[in-house]
Amino acid sequence: MKALIFSIALSTIFFAACNSNGTKQATSETTDMAMNETAATADNPLKGIVTGYLNLKNALAKDDDKGAADAGNGLVKVFDGFDKSSLTADQAKIFADIQTDAREHAEHIGSNAGNIGHQREHFETLSKDVYDLVKVTGAGEKLYYSNCPMYNNNKGASWLSETKDIHNPYLGMSMETCGAVKEELN
Amino acid sequence: MILSVACYDCHSNNTRYPWYANIQPGSWWMASHIKEGKNGLNFDEFASYSNRRQQSKLKSIVNSINNGTMPLSSYTLIHKEAILSKEDKMSIKNWANTIKDSLELRN
Ligand SMILES: [Cu+2]
């Protein structure tokens with residue numbers, strides 16, 4: 001995180017230097033910390049994973065197996081290209097724990113267009129992985145952890161959403177609003 | 001245990017190569033399924049999986065039994081002994097759920 005803020009600070013200086021037509025302004029000392037914090041959050045390293053996961057969740061909520069497969073394949077790429085260097089030790093630990101599992105679930109979702117039931121089975125475990133991850137790392141945006149008690153013969157299942165209102169990814173359009181928010185994550 | 005009869009040919013290092021494995025395209029079919037099956041789940045390596053991964057696999061096993069997707073039907077066509085009875089299915093699911101519950105407690 002420190003490295004990230006530092007590099008943003010550097011590029012801010014560089015940008016300022018370019019804009020000043022060669023007149024070297026000493027803006028480096030007064031770099032606005034608050035602004036850099038916001039930039040760092042927007043560039044949360046987990047962003048790609050969270051975005052890919054939410055795309056997948058939204059496709060499943062619309063009963064869109066092909067969209068879910070695309071999102072699953074996209075998520076595999078994100079995991080493969082993930083840069084761990086910006087993670088703290090705690091973050092790296094949970095990332096290492098979920099990585100193989102989450103990647104494999106994403107891969108199976110990617111290869112199971114036409115079998116949305118199986119995609120949803122993998123999505124359930126993937127949701128737990130991503131939840132455990134963002135609990136430690138933060139997601140860079142507000143997320144809601146919701147649960148639908150009816151899925152899987154009333155065993156129930158949970159998922160992460162960017163919206164408070166329910167669009168159930170397990171039961172899809174047939175039971176769109178089944179579920180309730182259990183936890184808010186910041 | 002029923003798992004060794006019904007699953008180990010494809011999900012362990014202990015493959016009993018059957019007669020048809022020696023004949024093309026049987027051997028090709030068998031080899032590709034063993035490789036693919038072992039990639040996803042290898043009972044001989046199960047103990048070395050992380051707690052999270054063990055739980056994940058046990059859950060997939062229960063799902064595959066519930067859905068009837070495992071053992072592959074192309075396999076039970078030839079290996080009648082691998083066709084699971086109701087009791088077999090119950091015992092596999094109980095076994096998987098019991099271990100999974102104990103792993104969850106260890107988290
Ligand atoms: Cu699968």
# chains A, B, ... in the order shown; residues from 1 in each chain; ligands from 1
call {"tool": "interface_residues", "arguments": {"of": "chain A", "to": "chain B", "cutoff": "9 Å", "atoms": "only C-alpha atoms", "output": "VMD selection string"}}
result
chain A and resid 97 to 98 100 to 101 104 118 121 to 122 125 129
call {"tool": "write_last_selection", "arguments": {"atoms": "all heavy atoms", "output": "short mmCIF file (atom, residue, chain, number, x, y, z; two decimals), in the first residue's frame"}}
result
data_model
loop_
_atom_site.label_atom_id
_atom_site.label_comp_id
_atom_site.auth_asym_id
_atom_site.auth_seq_id
_atom_site.Cartn_x
_atom_site.Cartn_y
_atom_site.Cartn_z
N ASP A 97 -4.33 -18.53 0.62
CA ASP A 97 -5.27 -19.56 1.08
C ASP A 97 -6.41 -19.77 0.08
O ASP A 97 -6.78 -20.90 -0.22
CB ASP A 97 -5.82 -19.17 2.46
CG ASP A 97 -6.74 -20.25 3.04
OD1 ASP A 97 -6.60 -21.42 2.63
OD2 ASP A 97 -7.59 -19.92 3.87
N ILE A 98 -6.95 -18.69 -0.45
CA ILE A 98 -8.12 -18.85 -1.32
C ILE A 98 -7.78 -19.02 -2.80
O ILE A 98 -8.59 -19.49 -3.58
CB ILE A 98 -9.12 -17.67 -1.17
CG1 ILE A 98 -8.54 -16.40 -1.81
CG2 ILE A 98 -9.51 -17.42 0.26
CD1 ILE A 98 -9.52 -15.80 -2.76
N THR A 100 -5.99 -20.88 -5.09
CA THR A 100 -6.17 -22.09 -5.88
C THR A 100 -7.63 -22.49 -5.95
O THR A 100 -8.15 -22.85 -7.00
CB THR A 100 -5.39 -23.26 -5.25
OG1 THR A 100 -4.14 -22.76 -4.79
CG2 THR A 100 -5.19 -24.36 -6.24
N ASP A 101 -8.28 -22.43 -4.78
CA ASP A 101 -9.68 -22.85 -4.72
C ASP A 101 -10.56 -21.94 -5.57
O ASP A 101 -11.33 -22.40 -6.41
CB ASP A 101 -10.15 -22.83 -3.25
CG ASP A 101 -11.43 -23.61 -3.07
OD1 ASP A 101 -11.43 -24.83 -3.35
OD2 ASP A 101 -12.44 -23.01 -2.67
N GLU A 104 -10.09 -22.28 -9.29
CA GLU A 104 -10.68 -23.50 -9.83
C GLU A 104 -12.21 -23.38 -9.97
O GLU A 104 -12.79 -23.83 -10.95
CB GLU A 104 -10.33 -24.69 -8.95
CG GLU A 104 -10.68 -26.01 -9.58
CD GLU A 104 -10.23 -27.18 -8.73
OE1 GLU A 104 -10.98 -27.59 -7.82
OE2 GLU A 104 -9.12 -27.67 -8.96
N HIS A 118 -24.78 -26.22 -12.11
CA HIS A 118 -23.42 -26.53 -11.69
C HIS A 118 -22.60 -25.25 -11.48
O HIS A 118 -21.80 -25.16 -10.56
CB HIS A 118 -22.75 -27.44 -12.72
CG HIS A 118 -21.44 -28.00 -12.26
ND1 HIS A 118 -21.33 -28.79 -11.15
CD2 HIS A 118 -20.18 -27.85 -12.73
CE1 HIS A 118 -20.06 -29.12 -10.97
NE2 HIS A 118 -19.34 -28.55 -11.92
N GLU A 121 -23.36 -24.09 -8.07
CA GLU A 121 -22.68 -24.85 -7.01
C GLU A 121 -21.28 -24.30 -6.78
O GLU A 121 -20.85 -24.11 -5.64
CB GLU A 121 -22.58 -26.33 -7.41
CG GLU A 121 -23.91 -27.06 -7.38
CD GLU A 121 -23.83 -28.46 -7.97
OE1 GLU A 121 -22.72 -28.88 -8.42
OE2 GLU A 121 -24.85 -29.15 -8.00
N HIS A 122 -20.57 -24.05 -7.88
CA HIS A 122 -19.23 -23.51 -7.73
C HIS A 122 -19.27 -22.08 -7.20
O HIS A 122 -18.39 -21.66 -6.44
CB HIS A 122 -18.48 -23.54 -9.06
CG HIS A 122 -17.97 -24.91 -9.42
ND1 HIS A 122 -16.98 -25.54 -8.71
CD2 HIS A 122 -18.31 -25.76 -10.42
CE1 HIS A 122 -16.75 -26.72 -9.26
NE2 HIS A 122 -17.54 -26.89 -10.29
N THR A 125 -19.24 -21.81 -3.27
CA THR A 125 -17.94 -21.92 -2.58
C THR A 125 -17.06 -20.72 -2.92
O THR A 125 -16.34 -20.20 -2.07
CB THR A 125 -17.23 -23.23 -2.94
OG1 THR A 125 -18.21 -24.25 -3.10
CG2 THR A 125 -16.27 -23.63 -1.85
N ASP A 129 -15.00 -17.94 -0.52
CA ASP A 129 -13.59 -17.58 -0.70
C ASP A 129 -13.43 -16.07 -0.81
O ASP A 129 -12.57 -15.48 -0.14
CB ASP A 129 -13.03 -18.23 -1.99
CG ASP A 129 -12.89 -19.74 -1.86
OD1 ASP A 129 -12.89 -20.25 -0.73
OD2 ASP A 129 -12.76 -20.41 -2.91
#
call {"tool": "residues_around", "arguments": {"residues": "Leu126 of chain A", "least_positions_apart": "2", "cutoff": "8 Å", "atoms": "only C-alpha atoms", "output": "JSON, numbers by chain"}}
result
{"A": [101, 102, 105, 106, 122, 123, 124, 128, 129, 130]}
call {"tool": "closest_residue", "arguments": {"among": "A:Ile109, A:Met175, A:Ala157, A:Leu54", "to": "ligand 1", "atoms": "only C-alpha atoms and all ligand atoms"}}
result
A:Ile109
call {"tool": "residues_around", "arguments": {"residues": "Lys66 of chain A", "least_positions_apart": "5", "cutoff": "10 Å", "atoms": "only C-alpha atoms", "output": "list in words"}}
result
Ala59, Leu60, Ala71, Gly72, Ile109, Gly110, Ser111, Asn112, Ala113, Gly114, Asn115 and Ile116 of chain A
call {"tool": "write_last_selection", "arguments": {"atoms": "C-alpha atoms", "output": "CSV table (one decimal), in the first residue's frame"}}
result
chain,number,residue,atom,x,y,z
A,59,ALA,CA,-25.1,-12.8,-14.7
A,60,LEU,CA,-26.3,-15.7,-12.5
A,71,ALA,CA,-17.2,-13.7,-16.1
A,72,GLY,CA,-15.8,-16.9,-14.8
A,109,ILE,CA,-18.0,-21.8,-14.0
A,110,GLY,CA,-16.2,-20.7,-17.2
A,111,SER,CA,-16.4,-24.2,-18.7
A,112,ASN,CA,-20.0,-24.9,-17.7
A,113,ALA,CA,-22.1,-22.6,-20.0
A,114,GLY,CA,-25.4,-24.6,-20.5
A,115,ASN,CA,-25.3,-26.0,-16.9
A,116,ILE,CA,-26.2,-23.1,-14.7
call {"tool": "residues_around", "arguments": {"residues": "Leu87 of chain A", "least_positions_apart": "4", "cutoff": "9 Å", "atoms": "only C-alpha atoms", "output": "list of chain:residue names"}}
result
A:Met1, A:Pro45, A:Asp83, A:Gln91, A:Ala92, A:Phe95, A:Thr137
